[in-house]
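target-v4.csv follows; it contains CSV, C-alpha atoms.
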```csv
chain,number,residue,atom,x,y,z
A,179,MET,CA,53.4,-76.3,-7.7
A,180,PRO,CA,54.5,-77.4,-4.2
A,181,PHE,CA,56.4,-75.1,-2.0
A,182,ASP,CA,60.1,-75.6,-1.3
A,183,ASP,CA,59.9,-76.6,2.4
A,184,THR,CA,63.5,-75.3,3.0
A,185,VAL,CA,62.3,-71.7,2.7
A,186,ILE,CA,59.3,-72.2,5.0
A,187,THR,CA,60.0,-70.7,8.4
A,188,CYS,CA,58.0,-70.4,11.6
A,189,PRO,CA,57.1,-66.7,11.0
A,190,TRP,CA,55.8,-67.7,7.5
A,191,VAL,CA,53.6,-70.4,9.1
A,192,ARG,CA,52.4,-68.1,12.0
A,193,GLU,CA,51.2,-65.6,9.4
A,194,ARG,CA,49.0,-68.3,8.0
A,195,VAL,CA,47.7,-70.0,11.1
A,196,ASP,CA,44.3,-68.3,11.2
A,197,ASP,CA,43.7,-68.9,7.5
A,198,TYR,CA,44.8,-72.5,8.0
A,199,VAL,CA,42.3,-73.2,10.8
A,200,ASP,CA,39.6,-71.2,9.1
A,201,GLY,CA,39.1,-73.9,6.5
A,202,ALA,CA,38.3,-73.5,2.8
A,203,ASP,CA,37.0,-70.0,3.1
A,204,GLY,CA,40.2,-68.8,4.7
A,205,GLY,CA,42.0,-68.0,1.5
A,206,LEU,CA,45.0,-70.3,1.6
A,207,ALA,CA,46.0,-72.0,-1.6
A,208,PRO,CA,46.0,-75.8,-1.5
A,209,GLU,CA,49.8,-75.8,-1.8
A,210,GLU,CA,50.2,-73.3,1.0
A,211,ARG,CA,47.8,-75.3,3.2
A,212,ALA,CA,49.9,-78.4,2.5
A,213,ALA,CA,53.1,-76.6,3.4
A,214,VAL,CA,51.7,-75.4,6.7
A,215,ALA,CA,50.6,-78.9,7.5
A,216,ARG,CA,54.1,-80.3,6.7
A,217,HIS,CA,55.8,-77.7,8.8
A,218,ALA,CA,53.5,-78.2,11.8
A,219,GLY,CA,54.2,-81.9,11.6
A,220,ALA,CA,57.8,-81.2,12.4
A,221,CYS,CA,57.6,-78.1,14.6
A,222,ALA,CA,56.0,-78.5,18.0
A,223,SER,CA,55.8,-74.7,18.6
A,224,CYS,CA,53.9,-74.0,15.4
A,225,ARG,CA,51.7,-77.1,16.0
A,226,ALA,CA,50.8,-75.6,19.5
A,227,GLU,CA,49.9,-72.3,17.8
A,228,ILE,CA,47.7,-74.0,15.3
A,229,ASP,CA,46.0,-76.0,18.1
A,230,ALA,CA,45.4,-72.9,20.1
A,231,ALA,CA,43.9,-71.1,17.1
A,232,ASP,CA,41.8,-74.1,16.4
A,233,ALA,CA,40.5,-74.3,19.9
A,234,VAL,CA,39.6,-70.6,20.0
A,235,LEU,CA,37.9,-70.8,16.6
A,236,ARG,CA,35.9,-73.9,17.6
A,237,GLU,CA,34.7,-72.3,20.8
A,238,LEU,CA,33.7,-69.1,19.0
A,239,ARG,CA,31.8,-71.0,16.4
A,240,ALA,CA,30.0,-72.9,19.2
A,241,PHE,CA,28.7,-69.6,20.7
A,242,PRO,CA,24.9,-69.8,20.9
A,243,LEU,CA,22.6,-67.9,18.5
A,244,PHE,CA,19.4,-66.6,19.9
A,245,GLU,CA,15.9,-65.6,18.8
A,246,ALA,CA,14.7,-62.2,19.7
A,247,PRO,CA,12.5,-62.5,22.8
A,248,ASP,CA,8.8,-62.3,22.1
A,249,ALA,CA,8.5,-59.4,24.6
A,250,VAL,CA,10.9,-57.4,22.6
A,251,ILE,CA,9.0,-57.9,19.4
A,252,ALA,CA,5.7,-57.2,21.2
A,253,GLY,CA,7.3,-54.0,22.7
A,254,ALA,CA,8.5,-52.8,19.2
A,255,GLN,CA,5.0,-53.5,17.8
A,256,SER,CA,3.3,-51.6,20.7
A,257,ALA,CA,5.7,-48.7,20.3
A,258,LEU,CA,4.9,-48.5,16.6
A,259,ALA,CA,1.2,-48.6,17.5
A,260,GLY,CA,1.6,-45.6,19.7
A,261,GLU,CA,2.0,-47.0,23.1
A,262,ARG,CA,4.8,-46.2,25.4
A,263,VAL,CA,7.0,-48.6,27.3
A,264,LEU,CA,8.6,-47.9,30.6
A,265,LEU,CA,12.3,-47.8,30.8
A,266,PHE,CA,14.9,-47.1,33.3
A,267,PRO,CA,15.8,-43.4,33.6
A,268,GLY,CA,18.9,-42.5,31.6
A,269,ARG,CA,18.6,-45.5,29.4
A,270,SER,CA,17.4,-45.4,25.9
A,271,ARG,CA,14.7,-48.0,25.3
A,272,GLY,CA,13.3,-47.4,21.9
A,273,PRO,CA,10.7,-44.8,21.4
A,274,ALA,CA,9.1,-45.4,24.7
A,275,ALA,CA,12.2,-44.7,26.5
A,276,ILE,CA,11.5,-41.4,25.9
A,277,ALA,CA,8.2,-40.8,27.5
A,278,ARG,CA,8.2,-37.4,28.8
A,279,TRP,CA,7.2,-38.3,32.3
A,280,ILE,CA,10.6,-39.8,32.9
A,281,PRO,CA,12.4,-36.5,33.5
A,282,ALA,CA,9.5,-35.4,35.8
A,283,ALA,CA,9.6,-38.5,37.9
A,284,ALA,CA,13.1,-40.0,37.8
A,285,ALA,CA,15.0,-36.7,37.7
A,286,ALA,CA,13.3,-35.9,41.0
A,287,ALA,CA,16.1,-37.6,42.8
A,288,ALA,CA,18.6,-35.1,41.6
A,289,ILE,CA,16.3,-32.1,41.2
A,290,ILE,CA,14.5,-32.0,44.5
A,291,ALA,CA,17.6,-32.8,46.6
A,292,LEU,CA,19.4,-29.8,45.1
A,293,VAL,CA,16.5,-27.5,45.3
A,294,ALA,CA,16.0,-28.4,48.9
A,295,THR,CA,19.6,-27.8,49.7
A,296,ALA,CA,19.5,-24.4,48.1
A,297,ARG,CA,16.3,-23.4,49.6
A,298,TRP,CA,17.1,-24.2,53.2
A,299,SER,CA,20.7,-23.1,53.2
A,300,ASP,CA,19.5,-20.0,55.0
A,301,PRO,CA,20.5,-20.4,58.7
A,302,VAL,CA,17.0,-19.2,59.8
A,303,ARG,CA,15.5,-22.1,58.1
A,304,THR,CA,18.1,-24.7,59.1
A,305,ALA,CA,15.8,-26.7,61.4
A,306,ARG,CA,13.1,-26.9,58.8
A,307,GLY,CA,15.7,-27.5,56.1
A,308,SER,CA,17.2,-30.6,57.7
A,309,LEU,CA,13.7,-32.0,58.0
A,310,ALA,CA,12.9,-31.2,54.4
A,311,GLU,CA,16.2,-32.6,53.1
A,312,ALA,CA,15.6,-35.8,54.9
A,313,ARG,CA,12.1,-36.0,53.3
A,314,VAL,CA,13.6,-35.2,49.9
A,315,GLU,CA,16.3,-37.8,50.2
A,316,ARG,CA,13.8,-40.4,51.2
A,317,ALA,CA,11.4,-39.5,48.4
A,318,ALA,CA,14.2,-39.5,45.9
A,319,ARG,CA,15.3,-42.9,47.0
A,320,GLU,CA,11.9,-44.3,46.9
A,321,THR,CA,11.2,-42.9,43.5
A,322,PHE,CA,14.4,-44.4,42.2
A,323,PHE,CA,13.5,-47.7,43.7
A,324,ALA,CA,9.9,-47.7,42.4
A,325,LEU,CA,11.0,-46.9,38.9
A,326,SER,CA,13.5,-49.7,38.9
A,327,TYR,CA,11.0,-52.1,40.3
A,328,VAL,CA,8.3,-51.3,37.8
A,329,ASN,CA,10.8,-51.5,35.0
A,330,ARG,CA,12.0,-54.9,36.1
A,331,TYR,CA,8.4,-56.0,36.4
A,332,ALA,CA,7.7,-54.8,32.8
A,333,ARG,CA,10.7,-56.7,31.5
A,334,MET,CA,9.9,-59.9,33.3
A,335,THR,CA,6.3,-60.1,32.3
A,336,GLY,CA,6.6,-58.4,28.9
A,337,ARG,CA,3.8,-56.1,29.9
A,338,ILE,CA,3.6,-52.6,28.6
A,339,VAL,CA,3.4,-50.0,31.3
A,340,THR,CA,1.6,-47.0,30.0
A,341,THR,CA,2.3,-43.4,31.0
A,342,ASP,CA,-1.1,-42.8,32.7
A,343,VAL,CA,-0.3,-45.7,35.1
A,344,ILE,CA,3.1,-44.2,35.9
A,345,GLU,CA,1.7,-40.7,36.4
A,346,LYS,CA,-1.1,-41.9,38.7
A,347,ARG,CA,0.9,-44.5,40.7
A,348,LEU,CA,4.3,-43.0,40.8
A,349,VAL,CA,4.5,-39.3,40.0
A,350,GLY,CA,1.4,-38.5,41.9
A,351,THR,CA,2.6,-40.4,44.9
A,352,MET,CA,5.9,-38.7,44.8
A,353,GLU,CA,4.4,-35.3,44.5
A,354,ARG,CA,2.4,-35.9,47.6
A,355,ALA,CA,5.4,-37.1,49.5
A,356,VAL,CA,7.4,-33.9,48.8
A,357,ASP,CA,6.7,-30.4,49.7
A,358,ARG,CA,5.3,-28.7,46.6
A,359,GLU,CA,7.2,-25.6,47.4
A,360,VAL,CA,10.4,-27.4,46.7
A,361,MET,CA,9.2,-28.5,43.3
A,362,ASP,CA,7.9,-25.0,42.5
A,363,ARG,CA,11.4,-23.6,42.5
A,364,GLY,CA,11.9,-24.9,38.9
A,365,VAL,CA,15.0,-26.2,37.3
A,366,THR,CA,18.0,-24.0,38.1
A,367,PRO,CA,21.4,-24.3,36.4
A,368,PRO,CA,22.8,-26.4,39.2
A,369,LEU,CA,19.8,-28.7,38.8
A,370,ARG,CA,20.2,-28.9,35.1
A,371,ARG,CA,23.8,-30.0,35.7
A,372,ALA,CA,22.7,-32.6,38.2
A,373,MET,CA,20.2,-33.9,35.7
A,374,GLY,CA,23.0,-34.2,33.2
A,375,ARG,CA,25.2,-36.1,35.7
A,376,SER,CA,22.3,-38.5,36.3
A,377,GLY,CA,22.1,-39.3,32.7
A,378,ILE,CA,18.6,-37.8,32.4
A,379,VAL,CA,18.0,-36.4,29.0
A,380,GLU,CA,14.8,-35.0,27.7
A,381,THR,CA,14.5,-36.4,24.2
A,382,GLU,CA,11.8,-36.1,21.6
A,383,SER,CA,10.0,-39.3,21.0
A,384,PRO,CA,10.5,-40.8,17.6
A,385,LEU,CA,6.8,-41.5,17.7
A,386,GLU,CA,6.1,-37.9,18.1
A,387,ARG,CA,8.5,-37.0,15.3
A,388,SER,CA,6.9,-39.3,12.8
B,726,MET,CA,0.7,-54.2,10.1
B,727,SER,CA,0.7,-57.1,12.6
B,728,GLY,CA,1.3,-60.0,10.3
B,729,GLU,CA,4.0,-58.3,8.2
B,730,PHE,CA,5.7,-56.8,11.2
B,731,GLN,CA,5.8,-60.2,12.8
B,732,ARG,CA,7.3,-61.8,9.7
B,733,LEU,CA,10.0,-59.1,9.5
B,734,ALA,CA,10.7,-59.3,13.2
B,735,ARG,CA,11.1,-63.0,13.1
B,736,GLU,CA,13.3,-63.0,10.1
B,737,HIS,CA,15.7,-60.4,11.4
B,738,GLY,CA,15.2,-60.3,15.2
B,739,GLY,CA,17.4,-63.3,16.0
B,740,ARG,CA,20.3,-62.0,14.1
B,741,ILE,CA,20.0,-58.6,15.6
B,742,TYR,CA,19.5,-59.8,19.1
B,743,SER,CA,22.4,-62.3,18.9
B,744,PHE,CA,24.8,-59.7,17.5
B,745,ALA,CA,23.8,-57.2,20.2
B,746,LEU,CA,24.0,-59.8,23.0
B,747,HIS,CA,27.4,-61.0,22.1
B,748,ALA,CA,28.7,-57.5,21.7
B,749,LEU,CA,27.2,-56.0,24.8
B,750,ARG,CA,26.8,-59.0,27.1
B,751,SER,CA,23.7,-57.5,28.6
B,752,ARG,CA,20.3,-58.9,28.0
B,753,GLU,CA,18.7,-55.6,28.7
B,754,ASP,CA,20.9,-53.6,26.4
B,755,ALA,CA,20.5,-56.2,23.7
B,756,GLU,CA,16.8,-56.0,24.0
B,757,ASP,CA,16.8,-52.3,23.7
B,758,VAL,CA,18.9,-52.4,20.6
B,759,THR,CA,16.8,-55.1,19.0
B,760,GLN,CA,13.6,-53.2,19.7
B,761,GLU,CA,15.0,-50.0,18.2
B,762,VAL,CA,16.3,-51.8,15.1
B,763,LEU,CA,13.0,-53.5,14.5
B,764,ILE,CA,11.2,-50.1,14.8
B,765,ARG,CA,13.6,-48.5,12.4
B,766,LEU,CA,13.4,-51.4,10.0
B,767,TRP,CA,9.6,-51.2,9.9
B,768,ARG,CA,9.7,-47.5,9.3
B,769,CYS,CA,12.2,-47.7,6.6
B,770,ARG,CA,11.2,-51.0,5.0
B,771,GLU,CA,9.9,-49.4,1.8
B,772,THR,CA,13.0,-47.4,1.2
B,773,ILE,CA,15.6,-50.2,1.6
B,774,ASP,CA,16.8,-52.0,-1.4
B,775,PRO,CA,15.7,-55.6,-0.7
B,776,ALA,CA,19.1,-56.9,-2.0
B,777,LYS,CA,20.8,-54.9,0.7
B,778,LEU,CA,18.4,-55.5,3.5
B,779,HIS,CA,20.7,-57.7,5.6
B,780,ALA,CA,23.5,-55.3,5.3
B,781,TRP,CA,21.2,-52.4,6.3
B,782,VAL,CA,20.0,-54.3,9.4
B,783,THR,CA,23.6,-55.2,10.4
B,784,ARG,CA,24.7,-51.6,9.9
B,785,VAL,CA,21.9,-50.1,12.0
B,786,THR,CA,22.4,-52.8,14.7
B,787,ARG,CA,26.1,-52.1,14.8
B,788,ASN,CA,25.6,-48.4,15.1
B,789,LEU,CA,23.1,-48.8,17.9
B,790,VAL,CA,25.4,-51.3,19.7
B,791,ILE,CA,28.2,-48.8,19.5
B,792,ASP,CA,25.9,-46.1,21.0
B,793,ALA,CA,24.8,-48.5,23.7
B,794,SER,CA,28.5,-49.2,24.6
B,795,ARG,CA,29.1,-45.5,24.9
B,796,ARG,CA,26.0,-44.9,27.0
B,797,ARG,CA,27.0,-47.8,29.3
B,798,ARG,CA,30.4,-46.2,29.9
B,799,MET,CA,28.5,-43.0,30.8
B,800,ARG,CA,26.2,-44.9,33.1
B,801,ALA,CA,29.1,-46.5,34.8
B,802,THR,CA,30.5,-43.0,35.5
B,803,VAL,CA,27.1,-41.8,36.8
B,804,ILE,CA,26.8,-44.7,39.2
B,805,ALA,CA,30.4,-44.1,40.4
B,806,ASP,CA,29.4,-40.5,41.1
B,807,GLY,CA,26.1,-41.4,42.8
B,808,ALA,CA,25.6,-41.5,46.5
B,809,ASP,CA,24.0,-45.0,46.7
B,810,VAL,CA,26.1,-47.3,44.7
B,811,GLU,CA,25.0,-50.3,46.6
B,812,LEU,CA,21.3,-49.7,45.9
B,813,VAL,CA,21.9,-49.2,42.2
B,814,ALA,CA,24.1,-52.3,42.0
B,815,ASP,CA,21.5,-54.4,43.7
B,816,LEU,CA,18.7,-53.1,41.5
B,817,VAL,CA,20.4,-53.6,38.2
B,818,ALA,CA,22.4,-56.8,38.9
B,819,ASP,CA,21.3,-59.7,36.9
B,820,GLY,CA,21.6,-62.7,39.1
B,821,ALA,CA,20.9,-65.2,36.3
B,822,ALA,CA,24.0,-64.0,34.4
B,823,GLU,CA,26.2,-65.0,37.3
B,824,THR,CA,24.7,-68.4,37.4
B,825,ASP,CA,25.1,-68.9,33.7
B,826,ARG,CA,28.7,-67.8,33.8
B,827,ALA,CA,29.6,-70.4,36.5
B,828,GLU,CA,28.2,-73.1,34.2
B,829,ARG,CA,30.2,-72.2,31.2
B,830,SER,CA,33.7,-73.4,30.5
B,831,GLU,CA,36.6,-71.2,31.3
B,832,LEU,CA,37.5,-70.8,27.7
B,833,ARG,CA,33.9,-69.8,26.8
B,834,ALA,CA,33.8,-67.3,29.6
B,835,CYS,CA,37.1,-65.8,28.7
B,836,LEU,CA,36.2,-65.5,25.0
B,837,GLU,CA,32.9,-63.9,25.7
B,838,SER,CA,34.6,-61.1,27.6
B,839,ALA,CA,37.3,-60.9,25.1
B,840,VAL,CA,35.0,-60.5,22.2
B,841,ALA,CA,32.8,-57.9,23.9
B,842,GLU,CA,35.9,-55.9,24.8
B,843,LEU,CA,37.4,-55.9,21.4
B,844,ASP,CA,37.6,-52.4,19.8
B,845,GLU,CA,35.5,-51.7,16.8
B,846,PRO,CA,35.5,-52.8,14.0
B,847,TYR,CA,37.2,-55.9,15.3
B,848,ARG,CA,34.3,-56.8,17.5
B,849,SER,CA,31.7,-56.6,14.8
B,850,ILE,CA,33.7,-58.5,12.3
B,851,VAL,CA,34.5,-61.3,14.8
B,852,ILE,CA,30.8,-61.7,15.7
B,853,MET,CA,29.7,-61.7,12.2
B,854,ARG,CA,32.3,-64.1,10.9
B,855,GLU,CA,33.0,-66.5,13.7
B,856,ILE,CA,29.8,-66.5,15.7
B,857,GLN,CA,27.1,-65.7,13.0
B,858,ASP,CA,29.0,-67.5,10.2
B,859,ARG,CA,28.5,-64.7,7.7
B,860,SER,CA,30.6,-64.8,4.5
B,861,TYR,CA,33.4,-62.3,4.0
B,862,ASN,CA,31.4,-60.7,1.2
B,863,GLU,CA,28.4,-60.1,3.5
B,864,ILE,CA,30.6,-58.7,6.1
B,865,ALA,CA,32.4,-56.4,3.6
B,866,GLU,CA,29.0,-55.1,2.5
B,867,ALA,CA,27.6,-54.6,5.9
B,868,MET,CA,30.8,-52.8,7.1
B,869,GLU,CA,31.2,-50.9,3.9
B,870,MET,CA,34.8,-52.0,3.6
B,871,PRO,CA,36.8,-53.7,0.9
B,872,LEU,CA,37.1,-57.5,1.3
B,873,GLY,CA,40.8,-57.3,1.9
B,874,THR,CA,40.4,-54.9,4.7
B,875,VAL,CA,37.8,-57.2,6.4
B,876,LYS,CA,40.3,-60.0,6.2
B,877,VAL,CA,43.1,-57.9,7.7
B,878,TYR,CA,40.9,-56.8,10.6
B,879,LEU,CA,39.7,-60.4,11.2
B,880,HIS,CA,43.3,-61.6,11.2
B,881,ARG,CA,44.3,-59.0,13.8
B,882,ALA,CA,41.2,-59.7,15.9
B,883,ARG,CA,41.8,-63.4,16.0
B,884,ARG,CA,45.4,-62.8,17.1
B,885,ARG,CA,44.1,-60.5,19.9
B,886,LEU,CA,41.7,-63.1,21.1
B,887,ARG,CA,44.3,-65.8,21.1
B,888,ASP,CA,46.7,-63.5,23.0
B,889,ARG,CA,44.0,-62.7,25.6
B,890,VAL,CA,43.2,-66.4,26.1
B,891,ARG,CA,46.8,-67.2,26.5
B,892,LYS,CA,47.3,-64.4,29.0
B,893,GLU,CA,44.2,-65.4,31.0
B,894,LEU,CA,44.3,-69.1,30.8
B,895,GLY,CA,47.9,-69.9,30.0
B,896,HIS,CA,48.3,-73.5,28.9
B,897,ALA,CA,44.6,-74.3,29.2
B,898,VAL,CA,44.0,-73.8,25.5
B,899,ARG,CA,44.4,-77.0,23.6
```

Now, as a test, write the supplied structure out as structure tokens.
Amino acid sequence: MPFDDTVITCPWVRERVDDYVDGADGGLAPEERAAVARHAGACASCRAEIDAADAVLRELRAFPLFEAPDAVIAGAQSALAGERVLLFPGRSRGPAAIARWIPAAAAAAAIIALVATARWSDPVRTARGSLAEARVERAARETFFALSYVNRYARMTGRIVTTDVIEKRLVGTMERAVDREVMDRGVTPPLRRAMGRSGIVETESPLERS
Amino acid sequence: MSGEFQRLAREHGGRIYSFALHALRSREDAEDVTQEVLIRLWRCRETIDPAKLHAWVTRVTRNLVIDASRRRRMRATVIADGADVELVADLVADGAAETDRAERSELRACLESAVAELDEPYRSIVIMREIQDRSYNEIAEAMEMPLGTVKVYLHRARRRLRDRVRKELGHAVR
């Protein structure tokens, strides 16, 4: 039964604009659809609203769909097979994200800087302290840079970077660059807070859980 | 494992990655989410009802996308607090994304941002319905919502997107 067009108002049409442009699946009965079309034919404002909704919907439906990158599938497979994948500190990248060396290496930026500050706050040690702080800052910066670089390399090439490589090439290098005394102080509450601020969380690997 | 994992990954990977990429607008974050979903899918494959597999995958993907959005907000805070913002920005900036953006139409660029910035559950429903062309029933199952509720959310989401486009582009929408 057709609608009585005299009772069809702009608000009534506006409520149905999305369903109208959505097509058959939108839920408008044929007579409602016809009523909207008739109203829009005579009302420029509602016609504009329908055109805008239609343009938005067409654009959304033209958004591209993607396949999962091969490197991602390979990474998942490797992780399941027990390998670890490098990821940026503070990010969660699947099981590998979680390799335990990450706190040791990446957190160094926050940890060693704070330890150094605390250790050499004594005025007697000020001269040595400023030197140590400079070294610590440089090492922290370089560590951060190196991690980012390796992570980016891993992403671009789809290669898996295993923990032994990281420990040999990065952690070892960093340790040599920084006074071991500083590292030996351990993680104090301020350091723990700094780690938290840096988004560094020590998490159990799902691989180890299973 | 290799053959069956590949089959599962190929079957679901695209849908997972597309959902995550449109929701997060970050290739790296979308890759993380995809990898994690594929791992969980493989681990749980024998306990999932095959009839509900797609809904399961969508649900897990959506949950991880929401987690990733939260973590990203936290990361942004950390970077803002950090001493070397310039270095961080330089390291993580994805130059290709900027180039891509310049090549897209204004409307596309505006809608990409608008979709990603919708609150949940609007964002997930819009992506599933408008971008991935999922049926209302599929969406209702994945979201664990009544069909009518999905339609109401979609209706509101479309209106928000239209308002955003109108606000940003004015009369450019035809």

Restricting to all atoms listed in the file, whichever of A:Asp200, A:Arg211, A:Cys224, A:Val234 is closest to Cys188 of chain A is A:Cys224

Against chain A, which residues of chain B fall within 8 Å? For each one I want the closest pair of atoms and the distance in Å (one decimal), counting all atoms listed in the file, rows by chain and increasing residue number, as CSV.
```
residue,atom,partner,partner_atom,distance
B:Ser727,CA,A:Gln255,CA,7.6
B:Phe730,CA,A:Gln255,CA,7.4
B:Gln731,CA,A:Ile251,CA,7.7
B:Ala734,CA,A:Ile251,CA,6.6
B:Arg735,CA,A:Ala246,CA,7.6
B:Gly738,CA,A:Ala246,CA,4.9
B:Gly739,CA,A:Glu245,CA,3.9
B:Arg740,CA,A:Glu245,CA,7.4
B:Ile741,CA,A:Ala246,CA,7.6
B:Tyr742,CA,A:Ala246,CA,5.4
B:Ser743,CA,A:Phe244,CA,5.3
B:Glu756,CA,A:Val250,CA,6.2
B:Asp757,CA,A:Arg271,CA,5.0
B:Val758,CA,A:Gly272,CA,7.6
B:Thr759,CA,A:Val250,CA,7.3
B:Gln760,CA,A:Ala254,CA,5.1
B:Glu761,CA,A:Gly272,CA,4.8
B:Leu763,CA,A:Ala254,CA,6.5
B:Ile764,CA,A:Ala254,CA,5.8
B:Arg796,CA,A:Arg269,CA,7.8
B:Met799,CA,A:Gly377,CA,7.6
B:Arg800,CA,A:Gly377,CA,7.0
B:Val803,CA,A:Ser376,CA,5.8
B:Leu816,CA,A:Ser326,CA,6.7
B:Val817,CA,A:Ser326,CA,8.0
B:Leu832,CA,A:Glu237,CA,7.6
B:Arg833,CA,A:Glu237,CA,6.5
B:Leu836,CA,A:Leu238,CA,7.4
B:Glu855,CA,A:Arg239,CA,5.4
B:Ile856,CA,A:Arg239,CA,5.0
B:Gln857,CA,A:Leu243,CA,7.4
B:Asp858,CA,A:Arg239,CA,7.7
B:His880,CA,A:Asp196,CA,6.8
B:Arg883,CA,A:Asp196,CA,7.3
B:Leu886,CA,A:Val234,CA,7.9
B:Arg887,CA,A:Ala231,CA,6.7
B:Val898,CA,A:Ala230,CA,5.7
B:Arg899,CA,A:Ala230,CA,5.5
```

Please produce a file of the residues just selected, as a compact mmCIF listing (two decimals), keeping the file's coordinate frame, where the atoms kept are C-alpha atoms.
```
# COMPACT_ATOMS: atom_id res chain seq x y z
CA SER B 727 0.70 -57.10 12.60
CA PHE B 730 5.70 -56.80 11.20
CA GLN B 731 5.80 -60.20 12.80
CA ALA B 734 10.70 -59.30 13.20
CA ARG B 735 11.10 -63.00 13.10
CA GLY B 738 15.20 -60.30 15.20
CA GLY B 739 17.40 -63.30 16.00
CA ARG B 740 20.30 -62.00 14.10
CA ILE B 741 20.00 -58.60 15.60
CA TYR B 742 19.50 -59.80 19.10
CA SER B 743 22.40 -62.30 18.90
CA GLU B 756 16.80 -56.00 24.00
CA ASP B 757 16.80 -52.30 23.70
CA VAL B 758 18.90 -52.40 20.60
CA THR B 759 16.80 -55.10 19.00
CA GLN B 760 13.60 -53.20 19.70
CA GLU B 761 15.00 -50.00 18.20
CA LEU B 763 13.00 -53.50 14.50
CA ILE B 764 11.20 -50.10 14.80
CA ARG B 796 26.00 -44.90 27.00
CA MET B 799 28.50 -43.00 30.80
CA ARG B 800 26.20 -44.90 33.10
CA VAL B 803 27.10 -41.80 36.80
CA LEU B 816 18.70 -53.10 41.50
CA VAL B 817 20.40 -53.60 38.20
CA LEU B 832 37.50 -70.80 27.70
CA ARG B 833 33.90 -69.80 26.80
CA LEU B 836 36.20 -65.50 25.00
CA GLU B 855 33.00 -66.50 13.70
CA ILE B 856 29.80 -66.50 15.70
CA GLN B 857 27.10 -65.70 13.00
CA ASP B 858 29.00 -67.50 10.20
CA HIS B 880 43.30 -61.60 11.20
CA ARG B 883 41.80 -63.40 16.00
CA LEU B 886 41.70 -63.10 21.10
CA ARG B 887 44.30 -65.80 21.10
CA VAL B 898 44.00 -73.80 25.50
CA ARG B 899 44.40 -77.00 23.60
```

message = Just the number, please: distance in Å from atom CA of Val191 of chain A to atom CA of Arg854 of chain B, one decimal.
response =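 The value is 22.3 Å.
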
Pairwise distance, atom CA of Val185 of chain A with atom CA of Val199 of chain A, equals 21.6 Å

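When atom CA of Leu778 of chain B is paired with atom CA of Glu842 of chain B, their separation reads 27.6 Å.
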
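Take the candidates B:Arg795, B:Arg732, B:Arg885, B:Arg765 and check each one against Arg848 of chain B using only C-alpha atoms; the shortest distance goes to B:Arg885.
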
Will you give me segment 228-266 of chain A, written with C-alpha atoms and laid out as a PDB file, in the first residue's frame?
```
ATOM      1  CA  ILE A 228      20.847  11.604  -0.017  1.00  0.00           C
ATOM      2  CA  ASP A 229      23.618  12.559  -2.440  1.00  0.00           C
ATOM      3  CA  ALA A 230      26.030  13.162   0.435  1.00  0.00           C
ATOM      4  CA  ALA A 231      25.169   9.846   2.072  1.00  0.00           C
ATOM      5  CA  ASP A 232      25.544   8.103  -1.256  1.00  0.00           C
ATOM      6  CA  ALA A 233      28.958   9.684  -1.901  1.00  0.00           C
ATOM      7  CA  VAL A 234      30.223   8.661   1.535  1.00  0.00           C
ATOM      8  CA  LEU A 235      28.931   5.131   1.163  1.00  0.00           C
ATOM      9  CA  ARG A 236      30.402   4.728  -2.326  1.00  0.00           C
ATOM     10  CA  GLU A 237      33.767   5.940  -1.119  1.00  0.00           C
ATOM     11  CA  LEU A 238      33.751   3.620   1.892  1.00  0.00           C
ATOM     12  CA  ARG A 239      32.849   0.674  -0.292  1.00  0.00           C
ATOM     13  CA  ALA A 240      35.752   1.535  -2.568  1.00  0.00           C
ATOM     14  CA  PHE A 241      38.258   1.292   0.270  1.00  0.00           C
ATOM     15  CA  PRO A 242      40.855  -1.305  -0.674  1.00  0.00           C
ATOM     16  CA  LEU A 243      41.014  -4.730   0.874  1.00  0.00           C
ATOM     17  CA  PHE A 244      44.407  -6.258   1.485  1.00  0.00           C
ATOM     18  CA  GLU A 245      46.079  -9.597   1.762  1.00  0.00           C
ATOM     19  CA  ALA A 246      48.175 -10.266   4.835  1.00  0.00           C
ATOM     20  CA  PRO A 247      51.835  -9.625   3.966  1.00  0.00           C
ATOM     21  CA  ASP A 248      53.888 -12.764   3.439  1.00  0.00           C
ATOM     22  CA  ALA A 249      56.348 -11.595   6.071  1.00  0.00           C
ATOM     23  CA  VAL A 250      53.573 -11.479   8.669  1.00  0.00           C
ATOM     24  CA  ILE A 251      52.471 -15.017   7.901  1.00  0.00           C
ATOM     25  CA  ALA A 252      56.081 -16.176   7.936  1.00  0.00           C
ATOM     26  CA  GLY A 253      56.632 -14.359  11.225  1.00  0.00           C
ATOM     27  CA  ALA A 254      53.622 -16.048  12.818  1.00  0.00           C
ATOM     28  CA  GLN A 255      54.782 -19.408  11.567  1.00  0.00           C
ATOM     29  CA  SER A 256      58.295 -18.858  12.888  1.00  0.00           C
ATOM     30  CA  ALA A 257      56.971 -17.724  16.225  1.00  0.00           C
ATOM     31  CA  LEU A 258      54.880 -20.856  16.484  1.00  0.00           C
ATOM     32  CA  ALA A 259      57.921 -22.888  15.588  1.00  0.00           C
ATOM     33  CA  GLY A 260      59.749 -21.412  18.537  1.00  0.00           C
ATOM     34  CA  GLU A 261      61.779 -18.622  17.013  1.00  0.00           C
ATOM     35  CA  ARG A 262      61.683 -15.112  18.292  1.00  0.00           C
ATOM     36  CA  VAL A 263      61.092 -11.987  16.298  1.00  0.00           C
ATOM     37  CA  LEU A 264      62.544  -8.637  17.095  1.00  0.00           C
ATOM     38  CA  LEU A 265      60.241  -5.864  17.923  1.00  0.00           C
ATOM     39  CA  PHE A 266      60.431  -2.350  19.049  1.00  0.00           C
TER      40      PHE A 266
END
```
